[in-house]
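File shown: model_5.csv. Contents: CSV, C-alpha atoms and all ligand atoms.
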```csv
chain,number,residue,atom,x,y,z
A,35,MET,CA,17.1,7.8,-3.6
A,36,THR,CA,14.2,9.2,-1.6
A,37,ILE,CA,10.9,9.9,-3.4
A,38,ASP,CA,8.4,12.5,-2.2
A,39,LEU,CA,4.9,11.1,-2.5
A,40,GLY,CA,3.1,14.2,-1.2
A,41,ALA,CA,1.9,15.9,2.0
A,42,LEU,CA,0.7,13.6,4.8
A,43,ASP,CA,-2.4,15.7,5.1
A,44,ASP,CA,-3.4,15.0,1.6
A,45,PHE,CA,-4.0,11.3,2.5
A,46,GLU,CA,-7.1,10.5,4.5
A,47,SER,CA,-6.6,7.8,7.1
A,48,GLY,CA,-8.1,4.4,6.2
A,49,ARG,CA,-8.1,4.9,2.5
A,50,ALA,CA,-5.9,3.5,-0.3
A,51,TYR,CA,-4.3,5.8,-2.8
A,52,PRO,CA,-2.4,4.9,-6.0
A,53,VAL,CA,0.8,6.9,-6.2
A,54,ASP,CA,3.3,6.9,-9.1
A,55,VAL,CA,7.1,6.7,-8.8
A,56,PRO,CA,9.4,6.4,-11.8
A,57,GLY,CA,8.5,3.1,-13.5
A,58,ARG,CA,6.1,1.9,-10.8
A,59,ARG,CA,2.7,2.4,-9.3
A,60,LEU,CA,2.5,2.0,-5.5
A,61,VAL,CA,-0.4,2.0,-3.1
A,62,LEU,CA,-0.2,4.2,-0.1
A,63,VAL,CA,-2.3,3.7,3.0
A,64,ARG,CA,-2.3,6.0,5.9
A,65,LEU,CA,-3.6,4.9,9.3
A,66,ASP,CA,-3.4,7.9,11.5
A,67,ASP,CA,0.3,8.8,11.7
A,68,GLN,CA,1.5,5.5,10.2
A,69,VAL,CA,2.0,5.2,6.5
A,70,TYR,CA,2.3,2.0,4.6
A,71,VAL,CA,3.4,1.6,1.0
A,72,LEU,CA,3.1,-1.5,-1.1
A,73,SER,CA,3.3,-2.3,-4.8
A,74,ASP,CA,-0.1,-1.5,-6.3
A,75,ARG,CA,-0.3,-4.9,-7.9
A,76,CYS,CA,-1.9,-8.0,-6.3
A,77,SER,CA,0.4,-11.0,-6.3
A,78,HIS,CA,-2.5,-13.3,-7.4
A,79,GLU,CA,-3.2,-11.6,-10.7
A,80,ASP,CA,-2.3,-8.2,-12.1
A,81,PHE,CA,-4.9,-6.1,-10.4
A,82,PRO,CA,-4.5,-2.8,-8.5
A,83,LEU,CA,-4.7,-3.2,-4.7
A,84,SER,CA,-5.6,0.6,-4.5
A,85,GLU,CA,-9.1,-0.4,-5.6
A,86,GLY,CA,-9.5,-2.5,-2.5
A,87,GLU,CA,-10.8,-1.9,1.0
A,88,VAL,CA,-8.6,-1.2,3.9
A,89,ASP,CA,-9.3,-2.9,7.2
A,90,VAL,CA,-8.1,-0.4,9.8
A,91,VAL,CA,-8.4,-2.9,12.7
A,92,ASP,CA,-6.5,-5.8,11.1
A,93,ARG,CA,-4.2,-3.4,9.2
A,94,THR,CA,-4.8,-5.2,5.9
A,95,ILE,CA,-5.9,-4.3,2.4
A,96,GLU,CA,-8.2,-6.6,0.5
A,97,CYS,CA,-7.9,-7.1,-3.3
A,98,ALA,CA,-11.1,-6.1,-4.9
A,99,ARG,CA,-10.9,-8.8,-7.6
A,100,HIS,CA,-10.9,-12.1,-5.6
A,101,GLY,CA,-10.7,-11.0,-2.0
A,102,ALA,CA,-7.1,-11.9,-1.0
A,103,THR,CA,-5.9,-9.8,1.9
A,104,PHE,CA,-2.4,-8.5,2.6
A,105,ALA,CA,-0.8,-7.2,5.7
A,106,LEU,CA,0.0,-3.5,5.3
A,107,ASP,CA,3.2,-3.7,7.3
A,108,THR,CA,4.8,-6.7,5.5
A,109,GLY,CA,2.9,-7.2,2.3
A,110,GLU,CA,2.4,-10.9,3.3
A,111,PRO,CA,-0.8,-12.5,2.2
A,112,GLN,CA,-3.3,-13.2,5.0
A,113,SER,CA,-5.9,-15.1,3.0
A,114,LEU,CA,-6.3,-17.0,-0.3
A,115,PRO,CA,-6.2,-17.0,-3.2
A,116,ALA,CA,-2.9,-15.0,-2.9
A,117,THR,CA,0.0,-17.1,-1.7
A,118,HIS,CA,2.9,-14.7,-2.4
A,119,PRO,CA,3.7,-11.4,-0.8
A,120,VAL,CA,3.4,-8.0,-2.5
A,121,GLU,CA,6.5,-5.8,-2.5
A,122,ARG,CA,6.7,-3.5,0.5
A,123,TRP,CA,8.4,-0.1,0.5
A,124,ASP,CA,9.8,1.8,3.5
A,125,ALA,CA,7.9,4.9,4.1
A,126,VAL,CA,8.8,7.8,6.4
A,127,VAL,CA,7.1,11.1,7.2
A,128,GLU,CA,9.5,14.0,7.3
A,129,GLU,CA,8.3,17.6,8.0
A,130,GLY,CA,4.8,16.6,7.0
A,131,ARG,CA,5.8,14.9,3.7
A,132,VAL,CA,5.5,11.2,2.9
A,133,LYS,CA,8.6,9.7,1.4
A,134,VAL,CA,9.7,6.3,0.3
A,135,VAL,CA,13.2,5.0,-0.4
A,136,GLY,CA,13.5,4.1,-4.1
A,137,GLN,CA,14.5,0.6,-5.1
B,1,LIG,S1,-6.3,-10.6,-8.4
B,1,LIG,FE1,-6.1,-10.1,-6.3
B,1,LIG,S2,-7.0,-11.8,-5.3
B,1,LIG,FE2,-7.0,-12.3,-7.4
```
Since I need it in another form, could you write the structure as structure tokens?
Ligand code: FES
Amino acid sequence: MTIDLGALDDFESGRAYPVDVPGRRLVLVRLDDQVYVLSDRCSHEDFPLSEGEVDVVDRTIECARHGATFALDTGEPQSLPATHPVERWDAVVEEGRVKVVGQ
């Protein structure tokens, strides 16, 4: 199942956006033409990653609660206190729309 998350142009590069899909909240980060989608829930504690800062050079997102960082392309933690990855979703851009494959 493919889920439409909206128009690519509606997402500013370098910012984190919470997006809802049935039963889940995800965080979408656009870096130019690349789009990354992770679960919007830090793996350290239950806190939304979409409130954190995006590092456009390292391609990471930092949890605003305790500062753990996660790789946008894999969801793997890059710094403590998180030690587990966050769930990563495959995102594609088709005809100017951002889509993820539902799980
Ligand atoms: S809740 Fe994210 S680092 Fe602690």
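If all atoms listed in the file are the atoms counted, then among A:Glu110, A:Glu96, A:Glu46, A:Glu128 the closest residue to ligand LIG 1 (chain B) is A:Glu96.
Distances here use all atoms listed in the file; by that measure, the residue among A:Asp54, A:His78, A:Asp124, A:Met35 closest to A:Thr103 is A:His78.
Between A:Ala41 and the candidates A:Leu60, A:Val126, A:Val135, A:Ala98, the tightest atom-to-atom separation, counting all atoms listed in the file, involves A:Val126.
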Which residues of chain A sit at most 10 Å from ligand LIG 1 (chain B), using all atoms listed in the file? Give each one's shortest atom pair and distance in Å (one decimal place), in chain and ascending residue order, as a tab-separated table.
```
residue	atom	partner	partner_atom	distance
A:Arg75	CA	B:LIG1	FE1	8.0
A:Cys76	CA	B:LIG1	FE1	4.7
A:Ser77	CA	B:LIG1	FE1	6.6
A:His78	CA	B:LIG1	FE2	4.6
A:Glu79	CA	B:LIG1	S1	4.0
A:Asp80	CA	B:LIG1	S1	6.0
A:Phe81	CA	B:LIG1	S1	5.1
A:Pro82	CA	B:LIG1	FE1	7.8
A:Leu83	CA	B:LIG1	FE1	7.2
A:Gly86	CA	B:LIG1	FE1	9.2
A:Glu96	CA	B:LIG1	S2	7.9
A:Cys97	CA	B:LIG1	FE1	4.6
A:Ala98	CA	B:LIG1	FE1	6.6
A:Arg99	CA	B:LIG1	S1	5.0
A:His100	CA	B:LIG1	S2	3.9
A:Gly101	CA	B:LIG1	S2	5.0
A:Ala102	CA	B:LIG1	S2	4.3
A:Thr103	CA	B:LIG1	S2	7.6
A:Phe104	CA	B:LIG1	S2	9.7
A:Pro111	CA	B:LIG1	S2	9.8
A:Ser113	CA	B:LIG1	S2	9.0
A:Leu114	CA	B:LIG1	S2	7.2
A:Pro115	CA	B:LIG1	S2	5.7
A:Ala116	CA	B:LIG1	S2	5.7
A:Thr117	CA	B:LIG1	S2	9.5
```
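Take atom CA of A:Pro119 and atom CA of A:Asp43: the distance between them is 28.4 Å.
The residue that comes closest to A:Val134, out of A:Gln112, A:Thr36, A:Gln68, A:Ser73 and on the basis of only C-alpha atoms, is A:Thr36.
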>> Using Å and a single decimal, report how far atom CA of A:Val71 sits from atom CA of A:Tyr51.
In response: 9.6 Å
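Across the structure, atom CA of A:Val55 and atom CA of A:Ile37 are spaced 7.3 Å apart.
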>> From the options A:Ala125, A:Gly136, A:Asp66, A:Arg131, which residue's atoms come nearest to A:Gly40, counting all atoms listed in the file?
In response: A:Arg131
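You can rank A:Arg49, A:Arg122, A:Arg64, A:Lys133 by their closest distance to A:Gly109 using only C-alpha atoms, and at the top of that list sits A:Arg122.
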> Can you find the residues with an atom no farther than 7 Å from (0.7, 0.5, 4.6), counting all atoms listed in the file, and report them as a PyMOL selection string?
Replying inline: chain A and resi 62-64+69-72+106-107
